[in-house]
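Shown next: data-v1.tsv, given as TSV, C-alpha atoms and all ligand atoms.
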chain	number	residue	atom	x	y	z
A	1	MET	CA	20.29	9.57	8.76
A	2	THR	CA	21.03	7.01	6.06
A	3	VAL	CA	19.71	3.49	5.63
A	4	ARG	CA	23.12	2.29	6.83
A	5	ASP	CA	22.68	4.31	10.06
A	6	VAL	CA	19.31	2.62	10.59
A	7	LYS	CA	20.94	-0.77	10.04
A	8	GLU	CA	23.64	-0.01	12.60
A	9	LEU	CA	21.40	1.66	15.19
A	10	LEU	CA	18.91	-1.20	15.10
A	11	GLU	CA	21.62	-3.86	14.78
A	12	ALA	CA	19.72	-5.08	11.76
A	13	GLU	CA	20.43	-7.68	9.17
A	14	VAL	CA	20.22	-6.56	5.52
A	15	LEU	CA	18.10	-9.02	3.54
A	16	CYS	CA	18.22	-7.24	0.21
A	17	GLY	CA	19.08	-3.90	-1.35
A	18	GLU	CA	22.66	-3.70	-0.09
A	19	ASP	CA	23.40	-1.17	-2.86
A	20	ARG	CA	21.02	1.46	-1.45
A	21	LEU	CA	22.41	1.69	2.10
A	22	ASP	CA	23.87	5.14	1.59
A	23	GLU	CA	20.55	6.73	0.69
A	24	GLU	CA	19.06	9.31	3.02
A	25	ILE	CA	16.00	8.61	5.22
A	26	CYS	CA	13.60	11.49	4.83
A	27	GLY	CA	10.83	10.36	7.15
A	28	CYS	CA	9.68	7.26	9.04
A	29	PHE	CA	6.27	5.70	9.53
A	30	ALA	CA	5.58	2.86	11.97
A	31	SER	CA	2.48	0.65	11.83
A	32	ASP	CA	1.22	-2.91	11.60
A	33	PHE	CA	-2.02	-1.87	9.88
A	34	MET	CA	-1.73	-1.79	6.11
A	35	SER	CA	-4.65	0.63	5.70
A	36	ASP	CA	-3.02	3.06	8.14
A	37	ILE	CA	0.11	3.03	6.05
A	38	LEU	CA	-1.93	3.57	2.89
A	39	ALA	CA	-3.88	6.42	4.50
A	40	PHE	CA	-1.18	8.31	6.34
A	41	ALA	CA	2.26	7.50	4.96
A	42	ARG	CA	3.26	10.26	2.66
A	43	ASP	CA	6.59	11.91	1.95
A	44	GLN	CA	8.28	9.28	4.10
A	45	ASN	CA	10.56	6.56	2.84
A	46	LEU	CA	11.16	4.24	5.80
A	47	LEU	CA	8.49	1.84	7.06
A	48	ILE	CA	8.90	0.21	10.47
A	49	THR	CA	6.58	-2.75	10.97
A	50	GLY	CA	6.08	-5.94	12.93
A	51	MET	CA	3.72	-7.38	10.32
A	52	LEU	CA	5.25	-10.10	8.20
A	53	ASN	CA	3.63	-11.01	4.86
A	54	PRO	CA	3.94	-10.10	1.16
A	55	GLN	CA	1.26	-7.41	1.54
A	56	VAL	CA	3.71	-5.34	3.58
A	57	ILE	CA	6.02	-5.14	0.58
A	58	ARG	CA	3.16	-4.26	-1.77
A	59	THR	CA	1.69	-1.73	0.65
A	60	ALA	CA	5.05	0.04	1.02
A	61	GLU	CA	5.40	0.09	-2.74
A	62	MET	CA	1.96	1.67	-3.17
A	63	VAL	CA	3.01	4.65	-1.05
A	64	ASP	CA	6.53	4.83	-2.48
A	65	MET	CA	8.41	3.68	0.63
A	66	PRO	CA	11.46	1.76	-0.61
A	67	PHE	CA	12.98	0.98	2.83
A	68	ILE	CA	11.40	-1.43	5.34
A	69	VAL	CA	12.59	-2.53	8.81
A	70	PHE	CA	10.92	-5.57	10.32
A	71	VAL	CA	11.02	-5.45	14.11
A	72	ARG	CA	10.52	-8.00	16.92
A	73	GLY	CA	12.96	-10.44	15.33
A	74	LYS	CA	10.74	-11.15	12.32
A	75	VAL	CA	12.59	-12.28	9.22
A	76	PRO	CA	10.90	-12.19	5.80
A	77	ASN	CA	10.83	-15.37	3.70
A	78	GLU	CA	12.23	-15.93	0.19
A	79	GLN	CA	8.99	-14.91	-1.51
A	80	MET	CA	8.96	-11.54	0.26
A	81	ILE	CA	12.62	-10.93	-0.45
A	82	GLU	CA	12.07	-11.71	-4.14
A	83	LEU	CA	9.14	-9.28	-4.31
A	84	ALA	CA	11.24	-6.55	-2.70
A	85	GLU	CA	14.22	-7.23	-4.95
A	86	GLU	CA	12.00	-7.00	-8.03
A	87	SER	CA	11.03	-3.51	-6.89
A	88	GLY	CA	14.52	-2.47	-5.86
A	89	MET	CA	13.64	-2.11	-2.18
A	90	VAL	CA	15.78	-2.54	0.95
A	91	LEU	CA	14.65	-4.99	3.65
A	92	LEU	CA	16.15	-4.91	7.15
A	93	ALA	CA	15.37	-7.20	10.09
A	94	SER	CA	15.93	-6.10	13.68
A	95	ARG	CA	15.43	-7.89	16.98
A	96	PHE	CA	14.22	-4.66	18.65
A	97	ARG	CA	10.56	-4.21	19.46
A	98	MET	CA	8.57	-1.50	17.73
A	99	TYR	CA	8.70	0.99	20.63
A	100	SER	CA	12.44	0.65	21.11
A	101	ALA	CA	13.19	0.74	17.38
A	102	CYS	CA	11.19	3.96	16.96
A	103	GLY	CA	12.73	5.45	20.10
A	104	ILE	CA	16.28	4.70	18.97
A	105	LEU	CA	15.73	6.20	15.52
A	106	PHE	CA	13.94	9.24	16.93
A	107	MET	CA	16.71	9.91	19.48
A	108	HIS	CA	19.27	9.71	16.71
A	109	ASP	CA	17.46	12.03	14.34
A	110	PRO	CA	14.27	13.71	15.58
A	111	ASN	CA	14.29	16.05	12.60
A	112	THR	CA	13.96	13.74	9.61
A	113	LYS	CA	12.27	15.90	7.04
A	114	PRO	CA	9.46	14.82	4.75
A	115	CYS	CA	10.69	13.97	1.25
A	116	LYS	CA	9.44	17.14	-0.36
A	117	THR	CA	10.78	16.07	-3.70
A	118	LEU	CA	8.81	12.83	-3.82
A	119	TYR	CA	5.59	14.40	-5.03
A	120	SER	CA	6.59	17.64	-6.70
A	121	ASP	CA	3.08	17.85	-8.10
A	122	GLN	CA	1.29	17.77	-4.73
A	123	LYS	CA	-1.31	20.34	-3.79
B	1	MET	CA	-4.50	9.87	-27.57
B	2	GLN	CA	-6.53	6.69	-27.19
B	3	ASP	CA	-7.46	5.37	-23.77
B	4	ILE	CA	-5.09	2.79	-22.35
B	5	VAL	CA	-6.84	-0.07	-20.54
B	6	PHE	CA	-5.33	-2.45	-18.00
B	7	ARG	CA	-7.51	-5.38	-16.93
B	8	SER	CA	-6.64	-7.97	-14.29
B	9	GLU	CA	-8.50	-10.95	-12.92
B	10	VAL	CA	-8.11	-11.03	-9.14
B	11	ASP	CA	-8.06	-14.50	-7.58
B	12	GLY	CA	-10.16	-14.64	-4.44
B	13	ASN	CA	-8.49	-17.75	-3.07
B	14	ASP	CA	-4.89	-16.68	-3.19
B	15	TYR	CA	-4.32	-14.41	-0.19
B	16	GLN	CA	-0.57	-14.45	-0.73
B	17	ARG	CA	-0.93	-12.84	-4.17
B	18	ALA	CA	-3.53	-10.25	-3.14
B	19	GLY	CA	-2.34	-6.87	-4.35
B	20	GLU	CA	-0.24	-8.17	-7.24
B	21	ALA	CA	-2.57	-6.67	-9.86
B	22	SER	CA	-2.19	-3.22	-8.29
B	23	ARG	CA	1.54	-3.65	-8.06
B	24	HIS	CA	1.86	-4.48	-11.77
B	25	THR	CA	-0.50	-1.70	-12.77
B	26	LYS	CA	1.47	0.78	-10.69
B	27	SER	CA	4.71	-0.06	-12.48
B	28	ALA	CA	2.94	0.26	-15.84
B	29	LEU	CA	1.71	3.73	-14.84
B	30	LYS	CA	5.25	4.70	-13.88
B	31	ARG	CA	6.45	3.64	-17.32
B	32	LEU	CA	3.76	5.87	-18.85
B	33	GLY	CA	5.41	8.75	-17.03
B	34	LEU	CA	2.33	9.95	-15.12
B	35	PRO	CA	2.90	12.33	-12.17
B	36	PRO	CA	4.04	10.48	-8.98
B	37	GLU	CA	1.27	11.91	-6.80
B	38	ILE	CA	-1.40	10.73	-9.26
B	39	ILE	CA	0.21	7.29	-9.37
B	40	ARG	CA	0.30	7.12	-5.56
B	41	ARG	CA	-3.42	7.93	-5.33
B	42	VAL	CA	-4.34	5.44	-8.06
B	43	GLY	CA	-2.21	2.80	-6.32
B	44	VAL	CA	-3.89	3.32	-2.94
B	45	CYS	CA	-7.40	3.20	-4.46
B	46	MET	CA	-6.82	0.16	-6.62
B	47	TYR	CA	-4.89	-1.74	-3.96
B	48	GLU	CA	-7.51	-1.24	-1.20
B	49	GLY	CA	-10.19	-2.25	-3.71
B	50	GLU	CA	-8.26	-5.29	-4.88
B	51	ILE	CA	-7.73	-6.44	-1.29
B	52	ASN	CA	-11.46	-5.97	-0.60
B	53	MET	CA	-12.36	-8.18	-3.56
B	54	VAL	CA	-10.05	-10.88	-2.19
B	55	ILE	CA	-11.07	-10.73	1.47
B	56	HIS	CA	-14.78	-9.92	1.09
B	57	ALA	CA	-15.92	-11.04	-2.36
B	58	ASP	CA	-14.01	-14.11	-3.54
B	59	GLY	CA	-12.13	-12.18	-6.21
B	60	GLY	CA	-13.24	-10.14	-9.21
B	61	THR	CA	-12.01	-8.00	-12.08
B	62	ALA	CA	-9.98	-4.80	-11.82
B	63	THR	CA	-10.06	-2.48	-14.82
B	64	LEU	CA	-8.04	0.69	-15.02
B	65	THR	CA	-8.56	3.11	-17.89
B	66	VAL	CA	-6.06	5.88	-18.50
B	67	GLY	CA	-7.58	8.71	-20.50
B	68	ILE	CA	-6.19	12.06	-21.48
B	69	ASP	CA	-7.37	13.91	-18.36
B	70	LYS	CA	-8.40	11.18	-15.93
B	71	ILE	CA	-7.86	7.65	-14.70
B	72	VAL	CA	-10.88	5.47	-13.97
B	73	ILE	CA	-10.55	2.40	-11.74
B	74	GLU	CA	-13.37	-0.14	-11.73
B	75	LEU	CA	-13.44	-3.07	-9.31
B	76	LYS	CA	-16.20	-5.51	-10.13
B	77	ASP	CA	-17.03	-8.63	-8.17
B	78	HIS	CA	-19.78	-11.21	-7.84
B	79	GLY	CA	-19.46	-11.46	-4.08
B	80	PRO	CA	-22.10	-11.09	-1.36
B	81	GLY	CA	-22.74	-7.36	-1.92
B	82	ILE	CA	-22.82	-4.70	0.80
B	83	PRO	CA	-26.12	-4.55	2.72
B	84	ASP	CA	-25.53	-1.13	4.34
B	85	ILE	CA	-23.20	1.19	2.42
B	86	ASP	CA	-23.29	3.98	5.05
B	87	LEU	CA	-22.12	1.53	7.69
B	88	ALA	CA	-19.45	0.07	5.40
B	89	MET	CA	-18.12	3.59	4.73
B	90	GLN	CA	-17.63	4.28	8.45
B	91	GLU	CA	-14.02	4.27	9.59
B	92	GLY	CA	-13.43	1.24	11.78
B	93	TRP	CA	-16.38	-0.81	10.53
B	94	SER	CA	-15.26	-4.19	9.31
B	95	THR	CA	-16.60	-7.68	8.80
B	96	ALA	CA	-13.14	-9.00	7.88
B	97	ASN	CA	-12.20	-12.44	9.16
B	98	THR	CA	-9.03	-13.34	11.02
B	99	GLU	CA	-7.33	-14.47	7.81
B	100	ALA	CA	-7.68	-10.92	6.44
B	101	GLN	CA	-6.35	-9.59	9.73
B	102	THR	CA	-3.22	-11.70	9.48
B	103	LEU	CA	-2.52	-9.82	6.23
B	104	GLY	CA	-2.69	-6.55	8.15
B	105	PHE	CA	-6.12	-5.62	6.74
B	106	GLY	CA	-9.55	-5.52	8.33
B	107	ALA	CA	-9.22	-2.25	10.22
B	108	GLY	CA	-12.25	-0.85	8.39
B	109	MET	CA	-10.27	1.92	6.72
B	110	GLY	CA	-10.22	0.70	3.11
B	111	LEU	CA	-13.38	2.27	1.68
B	112	PRO	CA	-12.80	5.62	3.48
B	113	ASN	CA	-9.22	5.61	2.13
B	114	MET	CA	-10.49	4.95	-1.38
B	115	LYS	CA	-13.00	7.78	-1.13
B	116	ARG	CA	-10.43	10.22	0.24
B	117	SER	CA	-7.82	9.32	-2.38
B	118	SER	CA	-10.13	9.65	-5.39
B	119	ASP	CA	-11.91	12.63	-6.97
B	120	GLU	CA	-15.08	10.66	-7.70
B	121	PHE	CA	-16.17	7.56	-5.80
B	122	LYS	CA	-19.18	5.34	-6.43
B	123	ILE	CA	-20.39	2.00	-5.07
B	124	ASP	CA	-23.01	-0.04	-6.91
B	125	THR	CA	-23.98	-3.08	-4.92
B	126	VAL	CA	-26.75	-5.65	-4.85
B	127	VAL	CA	-26.88	-8.09	-1.98
B	128	GLY	CA	-26.37	-11.61	-3.29
B	129	GLU	CA	-25.17	-10.39	-6.70
B	130	GLY	CA	-22.03	-8.37	-6.23
B	131	THR	CA	-20.35	-5.01	-5.93
B	132	THR	CA	-18.79	-2.57	-8.36
B	133	VAL	CA	-16.65	0.24	-6.99
B	134	THR	CA	-15.73	2.96	-9.48
B	135	MET	CA	-13.18	5.65	-8.73
B	136	THR	CA	-11.97	8.52	-10.88
B	137	ILE	CA	-8.79	10.47	-10.43
B	138	TYR	CA	-8.22	13.59	-12.53
B	139	ILE	CA	-4.86	14.19	-14.11
B	140	LYS	CA	-4.26	17.88	-13.67
A	201	LIG	N1	-16.21	-5.84	-2.48
A	201	LIG	C1	-16.90	-6.02	-1.35
A	201	LIG	N2	-17.85	-6.97	-1.25
A	201	LIG	C2	-18.56	-7.15	-0.12
A	201	LIG	N3	-18.40	-6.42	1.00
A	201	LIG	C3	-17.46	-5.45	0.98
A	201	LIG	C4	-16.66	-5.19	-0.18
A	201	LIG	N4	-15.83	-4.15	0.10
A	201	LIG	C5	-16.09	-3.79	1.37
A	201	LIG	N5	-17.07	-4.56	1.91
A	201	LIG	C6	-17.66	-4.45	3.26
A	201	LIG	O1	-17.37	-3.15	3.78
A	201	LIG	C7	-16.63	-3.25	5.00
A	201	LIG	C8	-15.64	-2.10	5.11
A	201	LIG	O2	-14.65	-2.20	4.08
A	201	LIG	P1	-13.25	-1.49	4.28
A	201	LIG	O3	-13.49	-0.07	4.63
A	201	LIG	O4	-12.42	-1.76	3.09
A	201	LIG	O5	-12.66	-2.20	5.56
A	201	LIG	P2	-12.05	-3.66	5.76
A	201	LIG	O6	-11.75	-4.21	4.40
A	201	LIG	O7	-10.84	-3.43	6.57
A	201	LIG	O8	-13.08	-4.46	6.47
A	201	LIG	C9	-15.99	-4.62	4.93
A	201	LIG	O9	-15.63	-5.14	6.20
A	201	LIG	C10	-17.09	-5.44	4.24
A	201	LIG	O10	-18.10	-5.78	5.16
A	202	MG	MG	-10.76	-3.13	2.98
Please re-express this file's structure in structure tokens.
Amino acid sequence: MTVRDVKELLEAEVLCGEDRLDEEICGCFASDFMSDILAFARDQNLLITGMLNPQVIRTAEMVDMPFIVFVRGKVPNEQMIELAEESGMVLLASRFRMYSACGILFMHDPNTKPCKTLYSDQK
Amino acid sequence: MQDIVFRSEVDGNDYQRAGEASRHTKSALKRLGLPPEIIRRVGVCMYEGEINMVIHADGGTATLTVGIDKIVIELKDHGPGIPDIDLAMQEGWSTANTEAQTLGFGAGMGLPNMKRSSDEFKIDTVVGEGTTVTMTIYIK
């Protein structure tokens, strides 16, 4: 599954990072709690969230997730888009709710593999 | 090699900017070419600590020291202090206000995350004076 597939499946708008749409998704993590993302997201590169503020961008960056889908029709503002652009991330906005968005992606590709190459130095 | 020190003042009033210091430090660590897993752990520790200084302590100072075999992160504030460290360390315990919650924080997972992501973890706190959290991550 590529970022472009996610965009199409979730009928999402691309807010920035158009040039990275052909990259492969190697794992998804869905949450509205930033600390959950920081604690559990690992070897995954797509974040699905309904939380809308600049901390989402920073949180994703801390755990090396360059792709974010905002669900429930939430659209990030200019400040968030600028932050994401600075870090070379892709932001998508979808009208689907969290449960549906996750369900659609899971049905399409239940086998997304963790990005083993992300932390080659891991224990 | 000499230690490399990054110091940032963290503004306690600017919720929108909370986490910026960690973000800049993370990109600096990437430029130093440190291993990605080490950088991820440092990022998580510093970021949770930075957010805590903003939402619980009215800001403070974040200092990150990169040595030859370890990275030390110190988060020092002059906030209210932590009256019961054992309670604060429990997953799910939080005194965060609704403003912190609108940022997606306040689930009471920050300190446990910081402890889990670091090799050494220490809290020095005096009620009414402030808190210093020091974390060490070894570069293997
Ligand atoms: N720097 C600090 N100054 C004062 N109190 C703090 C500080 N850091 C953490 N605390 C206290 O410890 C609790 C738990 O912190 P944490 O695990 O990060 O969860 P959260 O930030 O989500 O509340 C906080 O709710 C707060 O009461
Ligand atoms: Mg916290």
Given all atoms listed in the file, how would the per-residue table for chain A near chain B read, listing every residue at most 7 Å away with its closest atom pair and distance in Å to one decimal, sorted by chain and number, as a tab-separated table?
residue	atom	partner	partner_atom	distance
A:Asp32	CA	B:Gly104	CA	6.4
A:Phe33	CA	B:Gly104	CA	5.0
A:Met34	CA	B:Gly104	CA	5.3
A:Ser35	CA	B:Met109	CA	5.9
A:Leu38	CA	B:Val44	CA	6.2
A:Ala39	CA	B:Asn113	CA	5.9
A:Met51	CA	B:Gly104	CA	6.8
A:Asn53	CA	B:Leu103	CA	6.4
A:Pro54	CA	B:Gln16	CA	6.5
A:Gln55	CA	B:Leu103	CA	6.5
A:Arg58	CA	B:Arg23	CA	6.5
A:Met62	CA	B:Gly43	CA	5.3
A:Val63	CA	B:Arg40	CA	5.8
A:Tyr119	CA	B:Glu37	CA	5.3
A:Asp121	CA	B:Glu37	CA	6.3
A:Gln122	CA	B:Glu37	CA	6.2
Next item on the list: Can you work out the spacing between CA of Arg7 in chain B and CA of Leu29 in chain B in Å, to one decimal?
Entry: 13.1 Å
Margin query: Please return as an MDAnalysis selection string the residues found within 9 Å of ligand LIG 201 (chain A), counting all atoms listed in the file.
Written below: (chainID A and resid 35) or (chainID B and resid 48:60 75:85 87:97 100:101 104:114 125 127 130:133)
Need to verify the contact set: Gly50 in chain A, 12 Å, all atoms listed in the file, exclusion of same-chain residues closer than 4 positions in sequence. Can you return it as a PDB file with C-alpha atoms, keeping the file's coordinate frame?
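Wrote it out as part_12.pdb, contents follow:
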ATOM      1  CA  ALA A  30       5.580   2.860  11.970  1.00  0.00           C
ATOM      2  CA  SER A  31       2.480   0.650  11.830  1.00  0.00           C
ATOM      3  CA  ASP A  32       1.220  -2.910  11.600  1.00  0.00           C
ATOM      4  CA  PHE A  33      -2.020  -1.870   9.880  1.00  0.00           C
ATOM      5  CA  MET A  34      -1.730  -1.790   6.110  1.00  0.00           C
ATOM      6  CA  VAL A  56       3.710  -5.340   3.580  1.00  0.00           C
ATOM      7  CA  ILE A  68      11.400  -1.430   5.340  1.00  0.00           C
ATOM      8  CA  VAL A  69      12.590  -2.530   8.810  1.00  0.00           C
ATOM      9  CA  PHE A  70      10.920  -5.570  10.320  1.00  0.00           C
ATOM     10  CA  VAL A  71      11.020  -5.450  14.110  1.00  0.00           C
ATOM     11  CA  ARG A  72      10.520  -8.000  16.920  1.00  0.00           C
ATOM     12  CA  GLY A  73      12.960 -10.440  15.330  1.00  0.00           C
ATOM     13  CA  LYS A  74      10.740 -11.150  12.320  1.00  0.00           C
ATOM     14  CA  VAL A  75      12.590 -12.280   9.220  1.00  0.00           C
ATOM     15  CA  PRO A  76      10.900 -12.190   5.800  1.00  0.00           C
ATOM     16  CA  LEU A  92      16.150  -4.910   7.150  1.00  0.00           C
ATOM     17  CA  ALA A  93      15.370  -7.200  10.090  1.00  0.00           C
ATOM     18  CA  SER A  94      15.930  -6.100  13.680  1.00  0.00           C
ATOM     19  CA  ARG A  95      15.430  -7.890  16.980  1.00  0.00           C
ATOM     20  CA  PHE A  96      14.220  -4.660  18.650  1.00  0.00           C
ATOM     21  CA  ARG A  97      10.560  -4.210  19.460  1.00  0.00           C
ATOM     22  CA  MET A  98       8.570  -1.500  17.730  1.00  0.00           C
ATOM     23  CA  TYR A  99       8.700   0.990  20.630  1.00  0.00           C
ATOM     24  CA  ALA A 101      13.190   0.740  17.380  1.00  0.00           C
ATOM     25  CA  CYS A 102      11.190   3.960  16.960  1.00  0.00           C
TER      26      CYS A 102
ATOM     27  CA  THR B 102      -3.220 -11.700   9.480  1.00  0.00           C
ATOM     28  CA  LEU B 103      -2.520  -9.820   6.230  1.00  0.00           C
ATOM     29  CA  GLY B 104      -2.690  -6.550   8.150  1.00  0.00           C
TER      30      GLY B 104
END
Notebook entry, point to check: For the atom pair CA of Gly27 in chain A and CA of Ile81 in chain A, what is the interatomic distance in Å to one decimal place?
Noted result: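 Distance reported for this atom pair: 22.7 Å.
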